[in-house]
$ cat start_20.csv   # CSV, C-alpha atoms
chain,number,residue,atom,x,y,z
P,7,MET,CA,6.1,-278.8,40.6
P,8,ALA,CA,9.5,-278.4,42.2
P,9,ALA,CA,7.9,-276.6,45.2
P,10,ALA,CA,5.5,-279.5,45.7
P,11,LEU,CA,8.3,-282.0,45.6
P,12,LEU,CA,10.1,-280.0,48.3
P,13,GLY,CA,7.0,-280.2,50.5
P,14,ARG,CA,5.9,-276.6,50.1
P,15,PRO,CA,2.2,-275.9,49.7
P,16,VAL,CA,1.3,-274.9,46.1
P,17,ILE,CA,-1.9,-273.1,45.1
P,18,HIS,CA,-2.9,-273.6,41.5
P,19,ASP,CA,-5.3,-270.8,40.4
P,20,ILE,CA,-7.5,-271.5,37.3
P,21,HIS,CA,-9.6,-268.6,36.0
P,22,ASP,CA,-9.9,-269.9,32.4
P,23,LEU,CA,-9.8,-273.4,31.1
P,24,MET,CA,-6.8,-273.4,28.7
P,25,PRO,CA,-8.2,-276.1,26.3
P,26,GLU,CA,-11.4,-274.1,25.8
P,27,LEU,CA,-9.5,-270.8,25.5
P,28,TYR,CA,-7.2,-272.4,22.8
P,29,LEU,CA,-10.2,-273.7,20.9
P,30,GLU,CA,-11.7,-270.2,20.9
P,31,LYS,CA,-8.5,-268.6,19.5
P,32,PHE,CA,-7.4,-271.2,17.0
P,33,THR,CA,-9.3,-273.3,14.5
P,34,THR,CA,-8.6,-276.8,15.9
P,35,GLY,CA,-10.8,-279.6,16.8
P,36,GLU,CA,-11.3,-281.0,20.3
P,37,LYS,CA,-9.2,-284.1,19.4
P,38,HIS,CA,-6.2,-282.0,18.3
P,39,TRP,CA,-3.0,-283.0,20.0
P,40,VAL,CA,-2.5,-279.5,21.4
P,41,ILE,CA,-5.9,-279.7,23.2
P,42,ARG,CA,-5.0,-283.1,24.6
P,43,ALA,CA,-1.7,-281.8,25.7
P,44,LEU,CA,-3.3,-278.8,27.5
P,45,GLU,CA,-5.8,-281.1,29.2
P,46,THR,CA,-2.9,-283.3,30.4
P,47,GLN,CA,-1.0,-280.3,31.6
P,48,GLU,CA,-4.1,-279.0,33.4
P,49,ARG,CA,-4.7,-282.4,35.1
P,50,TRP,CA,-1.1,-282.9,36.3
P,51,ALA,CA,-0.8,-279.3,37.5
P,52,GLY,CA,-3.9,-279.9,39.6
P,53,LYS,CA,-2.6,-283.2,41.0
P,54,PHE,CA,0.7,-281.7,42.1
P,55,ALA,CA,-0.9,-278.7,43.6
P,56,SER,CA,-1.9,-278.7,47.3
P,57,VAL,CA,-5.2,-277.0,46.4
P,58,VAL,CA,-6.8,-275.8,43.1
P,59,LEU,CA,-8.7,-272.5,43.0
P,60,THR,CA,-11.3,-271.8,40.4
P,61,VAL,CA,-14.0,-269.2,39.9
P,62,GLU,CA,-17.3,-271.0,39.4
P,63,GLU,CA,-19.0,-274.3,40.3
P,64,ARG,CA,-19.2,-275.4,36.6
P,65,LEU,CA,-15.5,-275.1,36.2
P,66,LYS,CA,-15.0,-277.1,39.4
P,67,ASP,CA,-17.2,-279.9,37.9
P,68,ILE,CA,-15.3,-279.8,34.6
P,69,LEU,CA,-11.9,-280.0,36.4
P,70,ALA,CA,-13.1,-282.9,38.5
P,71,GLU,CA,-14.3,-284.7,35.5
P,72,ARG,CA,-10.9,-284.3,33.9
P,73,GLY,CA,-9.1,-286.0,36.8
P,74,ILE,CA,-8.3,-283.4,39.4
P,75,PRO,CA,-9.5,-284.6,42.8
P,76,ARG,CA,-12.7,-282.8,43.7
P,77,ASP,CA,-11.7,-282.4,47.4
P,78,LYS,CA,-8.7,-280.3,46.2
P,79,ILE,CA,-10.8,-277.8,44.3
P,80,TYR,CA,-12.1,-274.6,46.0
P,81,VAL,CA,-14.4,-272.1,44.3
P,82,LEU,CA,-13.5,-268.4,45.0
P,83,MET,CA,-15.6,-266.3,42.7
P,84,ASN,CA,-14.0,-263.4,40.8
P,85,LEU,CA,-16.1,-260.8,42.5
P,86,PRO,CA,-15.6,-257.0,42.4
P,87,ASP,CA,-13.9,-255.4,45.4
P,88,GLU,CA,-16.6,-253.3,47.1
P,89,ARG,CA,-14.1,-250.7,48.0
P,90,ILE,CA,-13.5,-250.0,44.3
P,91,PHE,CA,-16.8,-250.8,42.7
P,92,ALA,CA,-19.1,-249.2,45.3
P,93,PRO,CA,-22.8,-248.7,44.5
P,94,ARG,CA,-23.7,-245.4,43.0
P,95,PRO,CA,-27.0,-243.6,43.6
P,96,PRO,CA,-29.6,-244.0,40.8
P,97,LEU,CA,-28.9,-241.7,37.9
P,98,ALA,CA,-31.0,-238.5,37.9
P,99,PRO,CA,-33.4,-238.2,35.0
P,100,LYS,CA,-31.6,-236.9,32.0
P,101,SER,CA,-32.6,-234.1,29.7
P,102,SER,CA,-33.7,-234.9,26.2
P,103,ASP,CA,-30.4,-233.7,24.8
P,104,ALA,CA,-28.2,-235.7,27.2
P,105,PRO,CA,-26.2,-238.6,25.8
P,106,PHE,CA,-27.5,-242.2,26.3
P,107,VAL,CA,-24.3,-243.9,27.4
P,108,LEU,CA,-23.4,-247.6,26.8
P,109,VAL,CA,-20.2,-248.9,28.3
P,110,TYR,CA,-17.9,-251.9,27.9
P,111,HIS,CA,-14.6,-252.3,29.8
P,112,GLY,CA,-12.1,-255.1,29.7
P,113,THR,CA,-10.2,-257.1,27.2
P,114,LEU,CA,-10.8,-256.5,23.5
P,115,ALA,CA,-10.9,-260.0,22.1
P,116,ARG,CA,-13.1,-261.5,19.3
P,117,ARG,CA,-14.8,-264.0,21.7
P,118,LEU,CA,-16.1,-261.1,23.7
P,119,GLY,CA,-18.1,-259.7,20.8
P,120,LEU,CA,-17.3,-256.0,20.6
P,121,ASP,CA,-17.8,-256.1,16.8
P,122,ILE,CA,-21.4,-257.2,17.5
P,123,ALA,CA,-21.8,-254.3,19.9
P,124,ILE,CA,-20.5,-251.8,17.3
P,125,GLU,CA,-22.8,-253.2,14.6
P,126,ALA,CA,-25.8,-253.0,17.0
P,127,VAL,CA,-25.0,-249.4,17.8
P,128,SER,CA,-24.9,-248.6,14.1
P,129,LYS,CA,-28.4,-250.1,13.8
P,130,ALA,CA,-29.8,-248.3,16.9
P,131,ARG,CA,-28.3,-244.9,16.3
P,132,ASP,CA,-31.3,-243.5,14.3
P,133,MET,CA,-33.6,-244.3,17.1
P,134,ILE,CA,-31.5,-242.9,19.9
P,135,PRO,CA,-30.3,-239.2,19.8
P,136,ARG,CA,-26.9,-238.7,21.3
P,137,LEU,CA,-26.1,-242.4,21.6
P,138,GLU,CA,-22.6,-243.2,22.8
P,139,LEU,CA,-20.7,-246.4,23.2
P,140,ARG,CA,-17.5,-246.1,25.3
P,141,ILE,CA,-15.1,-249.0,25.0
P,142,ILE,CA,-12.5,-249.0,27.8
P,143,GLY,CA,-9.6,-251.4,27.6
P,144,ALA,CA,-6.9,-252.9,25.4
P,145,GLY,CA,-6.5,-256.1,23.4
P,146,GLU,CA,-5.7,-257.9,20.2
P,147,GLU,CA,-8.9,-256.7,18.5
P,148,ARG,CA,-8.4,-253.0,19.0
P,149,ASP,CA,-7.3,-252.0,15.5
P,150,ARG,CA,-9.9,-254.2,13.8
P,151,LEU,CA,-12.6,-252.7,16.0
P,152,ILE,CA,-11.5,-249.2,15.3
P,153,ALA,CA,-11.5,-250.0,11.5
P,154,LEU,CA,-15.1,-251.3,11.9
P,155,ARG,CA,-16.2,-248.2,13.7
P,156,ASP,CA,-14.7,-246.0,11.0
P,157,ARG,CA,-16.2,-248.1,8.2
P,158,LEU,CA,-19.7,-247.6,9.8
P,159,ASP,CA,-19.1,-243.9,10.2
P,160,LEU,CA,-19.4,-244.1,14.0
P,161,GLN,CA,-16.5,-241.9,15.0
P,162,GLU,CA,-18.7,-239.5,16.9
P,163,ILE,CA,-20.6,-242.3,18.7
P,164,VAL,CA,-18.1,-245.1,19.5
P,165,THR,CA,-15.0,-244.0,21.5
P,166,PHE,CA,-12.0,-246.0,22.7
P,167,SER,CA,-9.8,-245.4,25.7
P,168,ASP,CA,-6.1,-244.8,24.9
P,169,GLY,CA,-5.4,-248.4,26.0
P,170,PHE,CA,-5.3,-250.3,29.3
P,171,VAL,CA,-7.0,-248.5,32.2
P,172,PRO,CA,-6.1,-249.5,35.8
P,173,VAL,CA,-9.0,-251.1,37.6
P,174,GLU,CA,-9.0,-248.3,40.2
P,175,GLN,CA,-9.9,-245.8,37.5
P,176,ILE,CA,-12.7,-247.7,36.0
P,177,PRO,CA,-15.6,-246.7,38.4
P,178,ALA,CA,-15.1,-243.0,37.6
P,179,LEU,CA,-15.6,-243.8,33.9
P,180,LEU,CA,-18.9,-245.6,34.7
P,181,GLN,CA,-20.6,-242.9,36.8
P,182,ASP,CA,-22.9,-241.6,34.0
P,183,ALA,CA,-23.4,-245.0,32.2
P,184,ASP,CA,-26.9,-245.9,31.4
P,185,VAL,CA,-26.3,-249.5,30.3
P,186,GLY,CA,-23.5,-252.0,30.5
P,187,LEU,CA,-22.9,-254.3,27.5
P,188,ILE,CA,-21.8,-258.0,27.7
P,189,PRO,CA,-21.9,-259.0,24.0
P,190,LEU,CA,-20.2,-262.4,24.3
P,191,ARG,CA,-20.1,-264.9,21.5
P,192,ILE,CA,-21.3,-268.3,22.7
P,193,HIS,CA,-18.5,-270.9,22.8
P,194,SER,CA,-17.5,-273.7,25.1
P,195,GLY,CA,-15.2,-271.2,26.9
P,196,THR,CA,-17.5,-268.2,27.1
P,197,ASP,CA,-20.6,-270.3,28.0
P,198,ILE,CA,-18.9,-271.2,31.3
P,199,MET,CA,-17.8,-267.6,32.0
P,200,LEU,CA,-19.3,-265.4,34.7
P,201,PRO,CA,-17.9,-262.1,33.3
P,202,THR,CA,-16.2,-260.0,35.9
P,203,LYS,CA,-17.4,-256.8,34.1
P,204,LEU,CA,-21.0,-257.9,34.5
P,205,LEU,CA,-20.5,-258.3,38.3
P,206,GLU,CA,-18.8,-254.9,38.4
P,207,TYR,CA,-21.7,-253.3,36.7
P,208,VAL,CA,-24.1,-255.0,39.1
P,209,SER,CA,-22.1,-253.9,42.1
P,210,VAL,CA,-22.1,-250.2,40.9
P,211,GLY,CA,-25.8,-250.4,39.9
P,212,ILE,CA,-25.7,-250.3,36.1
P,213,PRO,CA,-28.4,-252.2,34.2
P,214,CYS,CA,-26.9,-254.8,31.8
P,215,ILE,CA,-27.7,-256.4,28.4
P,216,VAL,CA,-26.3,-260.0,28.3
P,217,PRO,CA,-26.6,-263.2,26.2
P,218,LYS,CA,-28.2,-266.3,27.7
P,219,THR,CA,-25.1,-268.3,28.5
P,220,GLY,CA,-25.3,-271.4,30.7
P,221,THR,CA,-23.5,-269.7,33.5
P,222,ILE,CA,-25.0,-266.2,33.4
P,223,THR,CA,-28.5,-267.7,33.5
P,224,ARG,CA,-27.6,-269.6,36.7
P,225,TYR,CA,-27.2,-266.3,38.5
P,226,PHE,CA,-29.4,-263.8,36.6
P,227,ASP,CA,-33.0,-263.9,35.3
P,228,GLU,CA,-35.1,-261.5,33.2
P,229,GLU,CA,-36.0,-259.4,36.3
P,230,MET,CA,-32.3,-258.7,36.8
P,231,VAL,CA,-30.8,-258.2,33.3
P,232,ARG,CA,-32.0,-257.7,29.7
P,233,PHE,CA,-31.2,-260.7,27.5
P,234,PHE,CA,-30.5,-260.7,23.8
P,235,GLU,CA,-29.8,-263.4,21.3
P,236,ALA,CA,-26.1,-264.0,21.3
P,237,GLU,CA,-24.1,-263.0,18.2
P,238,ASN,CA,-27.2,-261.2,16.7
P,239,SER,CA,-26.6,-257.5,16.3
P,240,ASP,CA,-30.3,-256.9,15.5
P,241,SER,CA,-31.3,-258.5,18.8
P,242,LEU,CA,-28.7,-256.4,20.6
P,243,ALA,CA,-29.9,-253.2,18.9
P,244,GLU,CA,-33.5,-254.0,19.9
P,245,ALA,CA,-32.4,-254.5,23.5
P,246,ILE,CA,-30.6,-251.2,23.5
P,247,ILE,CA,-33.6,-249.3,22.1
P,248,ASP,CA,-35.9,-251.0,24.6
P,249,LEU,CA,-33.9,-249.9,27.6
P,250,TYR,CA,-33.5,-246.4,26.1
P,251,ARG,CA,-37.2,-246.1,25.9
P,252,ASP,CA,-37.9,-247.5,29.4
P,253,PRO,CA,-35.8,-245.7,32.0
P,254,ALA,CA,-38.1,-247.1,34.8
P,255,ASN,CA,-37.1,-250.6,33.7
P,256,ARG,CA,-33.4,-249.7,33.7
P,257,ILE,CA,-33.7,-248.6,37.3
P,258,LEU,CA,-35.7,-251.8,38.2
P,259,LEU,CA,-33.2,-254.2,36.5
P,260,ALA,CA,-30.2,-252.5,38.2
P,261,ARG,CA,-31.9,-252.6,41.6
P,262,GLN,CA,-33.0,-256.3,41.3
P,263,ALA,CA,-29.5,-257.4,40.1
P,264,THR,CA,-27.6,-255.5,42.8
P,265,GLU,CA,-29.9,-256.6,45.6
P,266,ARG,CA,-30.5,-260.2,44.7
P,267,PHE,CA,-26.9,-261.0,43.6
P,268,GLY,CA,-25.2,-258.8,46.1
P,269,LYS,CA,-27.1,-260.3,49.1
P,270,ILE,CA,-25.5,-263.7,48.4
P,271,TYR,CA,-22.1,-263.0,46.9
P,272,HIS,CA,-19.5,-260.6,48.5
P,273,TRP,CA,-15.8,-260.3,47.7
P,274,SER,CA,-15.0,-259.6,51.4
P,275,GLU,CA,-16.3,-263.1,52.3
P,276,HIS,CA,-14.4,-264.8,49.5
P,277,LYS,CA,-11.2,-262.9,50.5
P,278,ASN,CA,-11.6,-264.1,54.1
P,279,ALA,CA,-12.1,-267.7,52.8
P,280,TYR,CA,-8.9,-267.4,50.7
P,281,THR,CA,-6.8,-266.1,53.6
P,282,GLN,CA,-8.1,-268.8,55.9
P,283,LEU,CA,-7.2,-271.4,53.2
P,284,VAL,CA,-3.6,-270.0,53.0
P,285,GLU,CA,-3.3,-270.1,56.8
P,286,ARG,CA,-4.3,-273.8,56.9
P,287,LEU,CA,-1.8,-274.7,54.2
P,288,LEU,CA,1.0,-272.9,56.1
P,289,GLN,CA,0.2,-274.8,59.3
P,290,LYS,CA,0.6,-278.2,57.7

$ encode --input "start_20.csv" --output "structure tokens"
Amino acid sequence: MAAALLGRPVIHDIHDLMPELYLEKFTTGEKHWVIRALETQERWAGKFASVVLTVEERLKDILAERGIPRDKIYVLMNLPDERIFAPRPPLAPKSSDAPFVLVYHGTLARRLGLDIAIEAVSKARDMIPRLELRIIGAGEERDRLIALRDRLDLQEIVTFSDGFVPVEQIPALLQDADVGLIPLRIHSGTDIMLPTKLLEYVSVGIPCIVPKTGTITRYFDEEMVRFFEAENSDSLAEAIIDLYRDPANRILLARQATERFGKIYHWSEHKNAYTQLVERLLQK
């Protein structure tokens, strides 16, 4: 705010809507005073900023409805850097005794549904020899997720990284992945998310299992991803088993998602749009 009052350009970057994020983490109603305070803070921060950046058109609509001038809001999607998440060649056919590898990387938070994924793996393990789930990342749910894994006797199947892994190291950990998991719970906040990890899997060429959120279904259809019923570990287990049994469909899903999404959305273009925006602000 002080910078704006001094006439300096201010960029306000909104990746997550704070009222929705607070509602996910705490048991309060939408009329709670904290939610109203967060909405007020969000609105005033947007009004004082020279421009507001956000990551998806639905977020732009919500921010405009809450009082931030629409002409101030620019959408720069949170796309993977192609230099880091480069496409891999299709996986060679695996031998019958090779592991079937599921991956998840990112924050370990309840809203992101890792407990649902672990429960689904428990239900699918008898149908898939050498099943593996690799969870890469750190977060508040780590200890609880490890306890769930141990309670379900999945120590040899579900593994965790030692903690946070730098983004530059992630692609090497995905090279032999058969399927990427996006096990979101559906909530006002997650329904408007376009998960970055999903886009990173798509960029690399890994087929994905995802819930039918409002935002995901704007960009992906059944020819690009395998959908499951959100918050339903039986449905997720069924999707895992289906893709295990159908390697040709895994290849097709990955190809369709990478080609159809990647033809339209590129980080290099959004990066150029951002630098041009900064240059215009500095010239004023």

$ residues_around --input "start_20.csv" --residues "Asp227 (chain P)" --least-positions-apart "5" --cutoff "10 Å" --atoms "only C-alpha atoms" --output "PyMOL selection string"
chain P and resi 218+222+232-233+259+262-263

$ closest_atom_pairs --input "start_20.csv" --of "region 167-239 of chain P" --to "region 86-105 of chain P" --cutoff "10 Å" --atoms "all atoms listed in the file" --output "Markdown table"
| residue | atom | partner | partner_atom | distance |
| --- | --- | --- | --- | --- |
| P:Val173 | CA | P:Ile90 | CA | 8.1 |
| P:Glu174 | CA | P:Ile90 | CA | 6.3 |
| P:Gln175 | CA | P:Ile90 | CA | 8.8 |
| P:Ile176 | CA | P:Phe91 | CA | 8.4 |
| P:Pro177 | CA | P:Phe91 | CA | 6.1 |
| P:Ala178 | CA | P:Phe91 | CA | 9.5 |
| P:Leu180 | CA | P:Arg94 | CA | 9.6 |
| P:Gln181 | CA | P:Arg94 | CA | 7.4 |
| P:Asp182 | CA | P:Leu97 | CA | 7.2 |
| P:Ala183 | CA | P:Leu97 | CA | 8.6 |
| P:Asp184 | CA | P:Leu97 | CA | 8.0 |
| P:Thr202 | CA | P:Pro86 | CA | 7.2 |
| P:Lys203 | CA | P:Pro86 | CA | 8.5 |
| P:Leu204 | CA | P:Pro86 | CA | 9.6 |
| P:Leu205 | CA | P:Pro86 | CA | 6.5 |
| P:Glu206 | CA | P:Pro86 | CA | 5.5 |
| P:Tyr207 | CA | P:Phe91 | CA | 8.1 |
| P:Val208 | CA | P:Pro93 | CA | 8.4 |
| P:Ser209 | CA | P:Pro93 | CA | 5.8 |
| P:Val210 | CA | P:Pro93 | CA | 4.0 |
| P:Gly211 | CA | P:Pro93 | CA | 5.7 |
| P:Ile212 | CA | P:Arg94 | CA | 8.7 |

$ residues_near_point --input "start_20.csv" --point "(-26.1, -258.7, 32.2)" --cutoff "6 Å" --atoms "only C-alpha atoms" --output "PDB file with C-alpha atoms, in the coordinates of the input"
ATOM      1  CA  LEU P 204     -21.000-257.900  34.500  1.00  0.00           C
ATOM      2  CA  CYS P 214     -26.900-254.800  31.800  1.00  0.00           C
ATOM      3  CA  ILE P 215     -27.700-256.400  28.400  1.00  0.00           C
ATOM      4  CA  VAL P 216     -26.300-260.000  28.300  1.00  0.00           C
ATOM      5  CA  VAL P 231     -30.800-258.200  33.300  1.00  0.00           C
TER       6      VAL P 231
END

$ closest_atom_pairs --input "start_20.csv" --of "region 171-269 of chain P" --to "region 51-74 of chain P" --cutoff "12 Å" --atoms "all atoms listed in the file" --output "tab-separated table"
residue	atom	partner	partner_atom	distance
P:Ser194	CA	P:Leu65	CA	11.4
P:Gly195	CA	P:Leu65	CA	10.1
P:Thr196	CA	P:Leu65	CA	11.6
P:Asp197	CA	P:Arg64	CA	10.1
P:Ile198	CA	P:Arg64	CA	6.8
P:Met199	CA	P:Glu62	CA	8.2
P:Leu200	CA	P:Glu62	CA	7.6
P:Pro201	CA	P:Val61	CA	10.4
P:Thr202	CA	P:Val61	CA	10.3
P:Gly220	CA	P:Arg64	CA	9.4
P:Thr221	CA	P:Arg64	CA	7.8
P:Ile222	CA	P:Glu62	CA	10.9
P:Arg224	CA	P:Arg64	CA	10.2
P:Tyr225	CA	P:Glu62	CA	11.0

$ atom_distance --input "start_20.csv" --atom1 "CA of Leu258 (chain P)" --atom2 "CA of Gly186 (chain P)"
14.4 Å

$ atom_distance --input "start_20.csv" --atom1 "CA of Asn84 (chain P)" --atom2 "CA of Ser167 (chain P)"
23.9 Å

$ residues_near_point --input "start_20.csv" --point "(-20.6, -260.4, 23.5)" --cutoff "10 Å" --atoms "all atoms listed in the file" --output "NGL selection string"
:P and (110 or 115-123 or 187-192 or 196 or 215-217 or 234-239 or 242)

$ atom_distance --input "start_20.csv" --atom1 "CA of Asp22 (chain P)" --atom2 "CA of Glu146 (chain P)"
17.6 Å

$ residues_around --input "start_20.csv" --residues "Met133 (chain P)" --least-positions-apart "3" --cutoff "10 Å" --atoms "all atoms listed in the file" --output "ChimeraX atom specification"
/P:129-130,136-137,243,246-247,250-251

$ closest_residue --input "start_20.csv" --among "P:Ile79, P:Ala254, P:Val171, P:Leu108" --to "Ile17 (chain P)" --atoms "all atoms listed in the file"
P:Ile79

$ closest_residue --input "start_20.csv" --among "P:Gln47, P:Val16, P:Ile124, P:Leu249" --to "Asp156 (chain P)" --atoms "all atoms listed in the file"
P:Ile124

$ closest_residue --input "start_20.csv" --among "P:Tyr280, P:His193, P:Leu154, P:Pro75" --to "Asp19 (chain P)" --atoms "all atoms listed in the file"
P:Tyr280

$ axis_aligned_box --input "start_20.csv" --around "region 18-36 of chain P" --padding-each-side "5 Å" --output "lines of an AutoDock Vina configuration file"
center_x = -7.3
center_y = -274.8
center_z = 28.0
size_x = 18.8
size_y = 22.4
size_z = 37.0

$ closest_residue --input "start_20.csv" --among "P:Ile270, P:Val127, P:Ile134, P:Ile141" --to "Gly112 (chain P)" --atoms "only C-alpha atoms"
P:Ile141
